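Structure data (TSV, N, CA and C atoms) from start_18.tsv:
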chain	number	residue	atom	x	y	z
F	193	MET	N	27.26	-17.40	23.59
F	193	MET	CA	28.57	-17.97	23.41
F	193	MET	C	29.51	-17.22	24.34
F	194	ASN	N	30.28	-17.95	25.11
F	194	ASN	CA	31.26	-17.36	26.02
F	194	ASN	C	32.66	-17.63	25.50
F	195	ILE	N	33.51	-16.61	25.55
F	195	ILE	CA	34.90	-16.79	25.16
F	195	ILE	C	35.79	-16.28	26.30
F	196	LYS	N	36.93	-16.92	26.44
F	196	LYS	CA	37.87	-16.59	27.51
F	196	LYS	C	38.53	-15.23	27.30
F	197	GLY	N	38.82	-14.89	26.05
F	197	GLY	CA	39.54	-13.66	25.74
F	197	GLY	C	38.68	-12.62	25.06
F	198	ALA	N	39.31	-11.87	24.17
F	198	ALA	CA	38.66	-10.76	23.48
F	198	ALA	C	38.12	-11.19	22.12
F	199	LEU	N	37.12	-10.48	21.65
F	199	LEU	CA	36.59	-10.64	20.31
F	199	LEU	C	37.25	-9.59	19.42
F	200	ILE	N	37.86	-10.05	18.34
F	200	ILE	CA	38.54	-9.16	17.40
F	200	ILE	C	37.88	-9.37	16.04
F	201	GLN	N	37.32	-8.31	15.47
F	201	GLN	CA	36.56	-8.41	14.23
F	201	GLN	C	37.24	-7.70	13.08
F	202	ASN	N	36.86	-8.11	11.89
F	202	ASN	CA	37.25	-7.44	10.65
F	202	ASN	C	38.77	-7.36	10.49
F	203	THR	N	39.42	-8.50	10.69
F	203	THR	CA	40.87	-8.58	10.55
F	203	THR	C	41.23	-9.92	9.91
F	204	GLU	N	42.40	-10.03	9.38
F	204	GLU	CA	42.84	-11.27	8.73
F	204	GLU	C	43.39	-12.22	9.80
F	205	PRO	N	42.69	-13.33	10.09
F	205	PRO	CA	43.18	-14.28	11.10
F	205	PRO	C	44.48	-14.94	10.66
F	206	ALA	N	45.42	-15.04	11.58
F	206	ALA	CA	46.72	-15.68	11.31
F	206	ALA	C	47.02	-16.64	12.46
F	207	PRO	N	46.58	-17.90	12.33
F	207	PRO	CA	46.73	-18.83	13.45
F	207	PRO	C	48.15	-19.33	13.65
F	208	SER	N	48.41	-19.70	14.90
F	208	SER	CA	49.64	-20.42	15.22
F	208	SER	C	49.31	-21.91	15.27
F	209	ALA	N	50.29	-22.74	15.53
F	209	ALA	CA	50.11	-24.20	15.50
F	209	ALA	C	49.10	-24.71	16.52
F	210	LYS	N	48.90	-24.02	17.65
F	210	LYS	CA	48.02	-24.51	18.71
F	210	LYS	C	46.62	-23.91	18.67
F	211	ASP	N	46.36	-23.00	17.75
F	211	ASP	CA	45.06	-22.34	17.67
F	211	ASP	C	44.03	-23.22	16.97
F	212	PHE	N	42.75	-23.01	17.30
F	212	PHE	CA	41.64	-23.65	16.58
F	212	PHE	C	41.30	-22.72	15.43
F	213	ALA	N	41.36	-23.23	14.20
F	213	ALA	CA	41.14	-22.39	13.03
F	213	ALA	C	40.01	-22.94	12.16
F	214	ILE	N	39.24	-22.02	11.59
F	214	ILE	CA	38.20	-22.36	10.62
F	214	ILE	C	38.63	-21.78	9.28
F	215	GLN	N	38.79	-22.68	8.31
F	215	GLN	CA	39.23	-22.27	6.98
F	215	GLN	C	38.06	-22.19	6.01
F	216	ASN	N	38.24	-21.42	4.96
F	216	ASN	CA	37.24	-21.37	3.90
F	216	ASN	C	37.62	-22.35	2.79
F	217	SER	N	36.84	-22.41	1.74
F	217	SER	CA	37.08	-23.38	0.67
F	217	SER	C	38.33	-23.08	-0.15
F	218	SER	N	38.88	-21.87	0.01
F	218	SER	CA	40.13	-21.51	-0.68
F	218	SER	C	41.34	-21.68	0.21
F	219	ALA	N	41.17	-22.34	1.36
F	219	ALA	CA	42.22	-22.60	2.34
F	219	ALA	C	42.68	-21.34	3.07
F	220	GLY	N	41.91	-20.25	2.96
F	220	GLY	CA	42.16	-19.06	3.77
F	220	GLY	C	41.50	-19.22	5.12
F	221	PHE	N	41.85	-18.36	6.05
F	221	PHE	CA	41.28	-18.47	7.39
F	221	PHE	C	40.15	-17.47	7.59
F	222	ASN	N	39.02	-17.98	8.08
F	222	ASN	CA	37.86	-17.14	8.37
F	222	ASN	C	37.75	-16.77	9.83
F	223	ALA	N	38.26	-17.63	10.72
F	223	ALA	CA	38.18	-17.37	12.15
F	223	ALA	C	39.19	-18.25	12.87
F	224	ILE	N	39.66	-17.74	14.01
F	224	ILE	CA	40.51	-18.55	14.89
F	224	ILE	C	40.14	-18.29	16.34
F	225	ILE	N	40.37	-19.29	17.16
F	225	ILE	CA	40.33	-19.16	18.62
F	225	ILE	C	41.76	-19.39	19.06
F	226	THR	N	42.36	-18.38	19.68
F	226	THR	CA	43.77	-18.48	20.05
F	226	THR	C	43.93	-19.33	21.31
F	227	ASN	N	45.01	-20.09	21.33
F	227	ASN	CA	45.34	-20.95	22.48
F	227	ASN	C	46.71	-20.52	23.00
F	228	PRO	N	46.84	-20.17	24.25
F	228	PRO	CA	45.91	-20.36	25.36
F	228	PRO	C	45.05	-19.14	25.69
F	229	ASP	N	45.19	-18.03	24.97
F	229	ASP	CA	44.51	-16.78	25.36
F	229	ASP	C	42.99	-16.82	25.26
F	230	GLY	N	42.46	-17.58	24.31
F	230	GLY	CA	41.02	-17.67	24.14
F	230	GLY	C	40.40	-16.50	23.41
F	231	ASN	N	41.21	-15.76	22.64
F	231	ASN	CA	40.66	-14.69	21.81
F	231	ASN	C	39.98	-15.29	20.59
F	232	MET	N	38.91	-14.64	20.12
F	232	MET	CA	38.26	-15.05	18.89
F	232	MET	C	38.53	-13.97	17.85
F	233	VAL	N	39.17	-14.36	16.75
F	233	VAL	CA	39.52	-13.43	15.68
F	233	VAL	C	38.67	-13.77	14.46
F	234	LEU	N	37.87	-12.82	14.01
F	234	LEU	CA	36.98	-13.00	12.86
F	234	LEU	C	37.48	-12.21	11.67
F	235	LYS	N	37.44	-12.82	10.50
F	235	LYS	CA	37.79	-12.13	9.27
F	235	LYS	C	36.77	-11.04	8.95
F	236	ASN	N	35.52	-11.28	9.33
F	236	ASN	CA	34.45	-10.35	9.04
F	236	ASN	C	33.84	-9.88	10.36
F	237	LEU	N	32.53	-9.75	10.44
F	237	LEU	CA	31.88	-9.17	11.61
F	237	LEU	C	31.00	-10.16	12.37
F	238	LEU	N	30.75	-9.87	13.63
F	238	LEU	CA	29.83	-10.61	14.48
F	238	LEU	C	28.43	-10.07	14.28
F	239	ASN	N	27.47	-10.96	14.10
F	239	ASN	CA	26.06	-10.61	13.96
F	239	ASN	C	25.29	-11.36	15.04
F	240	GLN	N	25.00	-10.68	16.16
F	240	GLN	CA	24.38	-11.31	17.32
F	240	GLN	C	22.85	-11.20	17.27
F	241	ASN	N	22.20	-12.01	18.11
F	241	ASN	CA	20.75	-11.96	18.32
F	241	ASN	C	19.96	-12.07	17.02
F	242	GLN	N	20.40	-12.98	16.15
F	242	GLN	CA	19.71	-13.22	14.89
F	242	GLN	C	18.45	-14.05	15.16
F	243	PRO	N	17.42	-13.87	14.34
F	243	PRO	CA	16.19	-14.64	14.55
F	243	PRO	C	16.42	-16.14	14.38
F	244	SER	N	15.75	-16.89	15.21
F	244	SER	CA	15.84	-18.35	15.17
F	244	SER	C	14.66	-18.88	14.36
F	245	PRO	N	14.82	-19.91	13.58
F	245	PRO	CA	16.03	-20.69	13.38
F	245	PRO	C	16.98	-20.00	12.39
F	246	LEU	N	18.27	-20.20	12.62
F	246	LEU	CA	19.27	-19.67	11.70
F	246	LEU	C	19.27	-20.49	10.42
F	247	SER	N	19.60	-19.86	9.33
F	247	SER	CA	19.69	-20.54	8.03
F	247	SER	C	21.09	-20.35	7.47
F	248	PRO	N	22.02	-21.23	7.84
F	248	PRO	CA	23.40	-21.08	7.37
F	248	PRO	C	23.50	-21.12	5.85
F	249	THR	N	24.40	-20.33	5.33
F	249	THR	CA	24.67	-20.34	3.90
F	249	THR	C	25.54	-21.55	3.56
F	250	LEU	N	25.66	-21.85	2.27
F	250	LEU	CA	26.50	-22.97	1.84
F	250	LEU	C	27.93	-22.77	2.31
F	251	LYS	N	28.58	-23.86	2.63
F	251	LYS	CA	29.98	-23.88	3.06
F	251	LYS	C	30.21	-23.19	4.39
F	252	SER	N	29.18	-23.13	5.23
F	252	SER	CA	29.31	-22.55	6.56
F	252	SER	C	29.77	-23.60	7.56
F	253	PHE	N	30.44	-23.14	8.62
F	253	PHE	CA	30.80	-23.99	9.76
F	253	PHE	C	29.72	-23.75	10.79
F	254	ILE	N	28.92	-24.78	11.10
F	254	ILE	CA	27.77	-24.57	11.98
F	254	ILE	C	28.02	-25.13	13.38
F	255	ILE	N	27.35	-24.51	14.35
F	255	ILE	CA	27.36	-24.96	15.74
F	255	ILE	C	25.91	-25.22	16.12
F	256	GLN	N	25.65	-26.46	16.58
F	256	GLN	CA	24.30	-26.87	16.95
F	256	GLN	C	24.21	-27.11	18.45
F	257	ASN	N	23.00	-26.96	18.99
F	257	ASN	CA	22.78	-27.33	20.39
F	257	ASN	C	22.47	-28.83	20.46
F	258	LYS	N	22.18	-29.34	21.64
F	258	LYS	CA	21.99	-30.78	21.81
F	258	LYS	C	20.76	-31.33	21.09
F	259	THR	N	19.83	-30.47	20.69
F	259	THR	CA	18.66	-30.94	19.94
F	259	THR	C	18.85	-30.82	18.43
F	260	GLY	N	20.03	-30.37	18.01
F	260	GLY	CA	20.33	-30.26	16.58
F	260	GLY	C	19.98	-28.93	15.95
F	261	GLN	N	19.50	-27.97	16.76
F	261	GLN	CA	19.17	-26.66	16.23
F	261	GLN	C	20.45	-25.85	16.04
F	262	VAL	N	20.56	-25.17	14.90
F	262	VAL	CA	21.73	-24.33	14.63
F	262	VAL	C	21.62	-23.07	15.49
F	263	VAL	N	22.61	-22.86	16.37
F	263	VAL	CA	22.61	-21.69	17.25
F	263	VAL	C	23.67	-20.66	16.85
F	264	ALA	N	24.60	-21.07	15.97
F	264	ALA	CA	25.62	-20.16	15.47
F	264	ALA	C	26.24	-20.76	14.22
F	265	TYR	N	26.75	-19.88	13.37
F	265	TYR	CA	27.53	-20.36	12.23
F	265	TYR	C	28.50	-19.29	11.75
F	266	PHE	N	29.62	-19.77	11.21
F	266	PHE	CA	30.61	-18.93	10.55
F	266	PHE	C	30.35	-19.10	9.05
F	267	ASN	N	30.08	-18.01	8.34
F	267	ASN	CA	29.82	-18.15	6.91
F	267	ASN	C	31.12	-18.19	6.11
F	268	SER	N	31.01	-18.32	4.80
F	268	SER	CA	32.18	-18.51	3.95
F	268	SER	C	33.06	-17.26	3.83
F	269	THR	N	32.57	-16.12	4.28
F	269	THR	CA	33.38	-14.89	4.22
F	269	THR	C	33.92	-14.49	5.59
F	270	GLY	N	33.72	-15.34	6.60
F	270	GLY	CA	34.29	-15.07	7.91
F	270	GLY	C	33.41	-14.28	8.86
F	271	GLY	N	32.13	-14.20	8.58
F	271	GLY	CA	31.19	-13.58	9.51
F	271	GLY	C	30.66	-14.63	10.49
F	272	LEU	N	30.35	-14.21	11.71
F	272	LEU	CA	29.76	-15.10	12.71
F	272	LEU	C	28.35	-14.63	13.00
F	273	TYR	N	27.39	-15.57	12.92
F	273	TYR	CA	25.98	-15.29	13.18
F	273	TYR	C	25.55	-16.13	14.37
F	274	THR	N	24.92	-15.50	15.36
F	274	THR	CA	24.47	-16.22	16.56
F	274	THR	C	23.03	-15.87	16.89
F	275	THR	N	22.34	-16.81	17.54
F	275	THR	CA	20.99	-16.52	18.01
F	275	THR	C	21.02	-15.74	19.32
F	276	GLY	N	22.14	-15.80	20.02
F	276	GLY	CA	22.30	-15.09	21.28
F	276	GLY	C	23.42	-14.07	21.18
F	277	THR	N	24.11	-13.89	22.30
F	277	THR	CA	25.20	-12.91	22.35
F	277	THR	C	26.54	-13.60	22.59
F	278	VAL	N	27.61	-12.89	22.34
F	278	VAL	CA	28.96	-13.35	22.63
F	278	VAL	C	29.46	-12.54	23.83
F	279	THR	N	29.88	-13.24	24.87
F	279	THR	CA	30.40	-12.61	26.07
F	279	THR	C	31.91	-12.83	26.14
F	280	GLN	N	32.64	-11.74	26.30
F	280	GLN	CA	34.11	-11.79	26.35
F	280	GLN	C	34.61	-11.91	27.80
F	281	TYR	N	35.83	-12.35	27.94
F	281	TYR	CA	36.56	-12.42	29.21
F	281	TYR	C	35.82	-13.22	30.29
F	282	VAL	N	35.29	-14.37	29.91
F	282	VAL	CA	34.59	-15.25	30.83
F	282	VAL	C	35.61	-16.11	31.58
F	283	GLN	N	35.45	-16.22	32.89
F	283	GLN	CA	36.31	-17.10	33.70
F	283	GLN	C	35.67	-18.49	33.74
F	284	PHE	N	36.37	-19.47	33.23
F	284	PHE	CA	35.87	-20.84	33.23
F	284	PHE	C	36.47	-21.58	34.41
F	285	GLY	N	35.65	-22.41	35.06
F	285	GLY	CA	36.07	-23.15	36.25
F	285	GLY	C	36.90	-24.30	35.92

So, in terms of structure tokens, how does the structure I just supplied come out?
Amino acid sequence: MNIKGALIQNTEPAPSAKDFAIQNSSAGFNAIITNPDGNMVLKNLLNQNQPSPLSPTLKSFIIQNKTGQVVAYFNSTGGLYTTGTVTQYVQFG
């Protein structure tokens, strides 16, 4: 997973109107991607290089590849689990 900005972990996400936000079932925020900076703010921690296939917990926000395999998910407590790594400060064309 590539992100434009920095990865910020273990903090309370507080989105603005233009940010992409992932909420939990209690309407709290588990993660945000800030716009336009591209920072990823996680309520909990990043867990990279997890064994495939991933098994998301209930109420997770999942990210699948084009074949439908889960490659990442945000769980209900704001943790991010990925099969690969997260790269910060990527320049997108």

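Each of F:Met193, F:Leu234, F:Ala209, F:Leu199 was compared to F:Phe221 using only N, CA and C atoms, and F:Leu234 turns out to be the nearest.
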
Requested in this report: as a list in words, list the residues of chain F assigned to strand (DSSP E) by DSSP on the backbone atoms of this structure.
Outcome: Leu199, Ile200, Phe212, Ala213, Ile214, Gln215, Phe221, Asn222, Ala223, Ile224, Ile225, Met232, Val233, Leu234, Leu238, Asn239, Phe253, Ile254, Ile255, Gln256, Val262, Val263, Ala264, Tyr265, Phe266, Leu272, Tyr273 and Thr274 of chain F

Requested in this report: Compile the contact shell of stretch 226-229 of chain F as number ranges by chain: residues with an atom at most 7 Å away, counting all atoms listed in the file, same-chain residues fewer than 3 positions apart removed.
Outcome: F: 196-198, 210-212, 232-233

Query raised in the report: To one decimal place, how far is atom CA of F:Asn231 from atom CA of F:Gly270 in Å?
Result: 15.3 Å

Near F:Lys235, within 8 Å and counting all atoms listed in the file, which residues show up once chain neighbours fewer than 4 positions away are dropped, as a PDB file with N, CA and C atoms, in the coordinates of the input?
ATOM      1  N   ILE F 200      37.860 -10.050  18.340  1.00  0.00           N
ATOM      2  CA  ILE F 200      38.540  -9.160  17.400  1.00  0.00           C
ATOM      3  C   ILE F 200      37.880  -9.370  16.040  1.00  0.00           C
ATOM      4  N   GLN F 201      37.320  -8.310  15.470  1.00  0.00           N
ATOM      5  CA  GLN F 201      36.560  -8.410  14.230  1.00  0.00           C
ATOM      6  C   GLN F 201      37.240  -7.700  13.080  1.00  0.00           C
ATOM      7  N   ASN F 202      36.860  -8.110  11.890  1.00  0.00           N
ATOM      8  CA  ASN F 202      37.250  -7.440  10.650  1.00  0.00           C
ATOM      9  C   ASN F 202      38.770  -7.360  10.490  1.00  0.00           C
ATOM     10  N   THR F 203      39.420  -8.500  10.690  1.00  0.00           N
ATOM     11  CA  THR F 203      40.870  -8.580  10.550  1.00  0.00           C
ATOM     12  C   THR F 203      41.230  -9.920   9.910  1.00  0.00           C
ATOM     13  N   GLU F 204      42.400 -10.030   9.380  1.00  0.00           N
ATOM     14  CA  GLU F 204      42.840 -11.270   8.730  1.00  0.00           C
ATOM     15  C   GLU F 204      43.390 -12.220   9.800  1.00  0.00           C
ATOM     16  N   PRO F 205      42.690 -13.330  10.090  1.00  0.00           N
ATOM     17  CA  PRO F 205      43.180 -14.280  11.100  1.00  0.00           C
ATOM     18  C   PRO F 205      44.480 -14.940  10.660  1.00  0.00           C
ATOM     19  N   PHE F 221      41.850 -18.360   6.050  1.00  0.00           N
ATOM     20  CA  PHE F 221      41.280 -18.470   7.390  1.00  0.00           C
ATOM     21  C   PHE F 221      40.150 -17.470   7.590  1.00  0.00           C
ATOM     22  N   ASN F 222      39.020 -17.980   8.080  1.00  0.00           N
ATOM     23  CA  ASN F 222      37.860 -17.140   8.370  1.00  0.00           C
ATOM     24  C   ASN F 222      37.750 -16.770   9.830  1.00  0.00           C
ATOM     25  N   ALA F 223      38.260 -17.630  10.720  1.00  0.00           N
ATOM     26  CA  ALA F 223      38.180 -17.370  12.150  1.00  0.00           C
ATOM     27  C   ALA F 223      39.190 -18.250  12.870  1.00  0.00           C
ATOM     28  N   ILE F 224      39.660 -17.740  14.010  1.00  0.00           N
ATOM     29  CA  ILE F 224      40.510 -18.550  14.890  1.00  0.00           C
ATOM     30  C   ILE F 224      40.140 -18.290  16.340  1.00  0.00           C
ATOM     31  N   THR F 269      32.570 -16.120   4.280  1.00  0.00           N
ATOM     32  CA  THR F 269      33.380 -14.890   4.220  1.00  0.00           C
ATOM     33  C   THR F 269      33.920 -14.490   5.590  1.00  0.00           C
ATOM     34  N   GLY F 270      33.720 -15.340   6.600  1.00  0.00           N
ATOM     35  CA  GLY F 270      34.290 -15.070   7.910  1.00  0.00           C
ATOM     36  C   GLY F 270      33.410 -14.280   8.860  1.00  0.00           C
ATOM     37  N   GLY F 271      32.130 -14.200   8.580  1.00  0.00           N
ATOM     38  CA  GLY F 271      31.190 -13.580   9.510  1.00  0.00           C
ATOM     39  C   GLY F 271      30.660 -14.630  10.490  1.00  0.00           C
ATOM     40  N   LEU F 272      30.350 -14.210  11.710  1.00  0.00           N
ATOM     41  CA  LEU F 272      29.760 -15.100  12.710  1.00  0.00           C
ATOM     42  C   LEU F 272      28.350 -14.630  13.000  1.00  0.00           C
TER      43      LEU F 272
END

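Atom pair atom C of F:Val282 / atom N of F:Ile195 has a distance of 6.4 Å (rounded to one decimal).
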
Report summary line: With distances taken over all atoms listed in the file, the candidate from F:Ala206, F:Ile225, F:Ile214, F:Val263 nearest F:Leu246 is F:Val263

Report task. Excluding F:Ala264 and any residue of its chain fewer than 3 positions from it, enumerate the residues within 12 Å of it, using only C-alpha atoms, and give them as an MDAnalysis selection string. Result -> chainID F and resid 193 238:249 252:257 260:261 267 271:278

Report task. Using all atoms listed in the file, find the one residue out of F:Gly230, F:Asn216, F:Phe284, F:Leu237 that sits nearest to F:Ser268. Result -> F:Asn216

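Separating atom C of F:Gln283 from atom N of F:Lys258 is a distance of 21.1 Å.
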
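Nearest residue to F:Gln280, choosing from F:Gly220, F:Asn236, F:Asn194, F:Pro207 and counting only N, CA and C atoms: F:Asn194.
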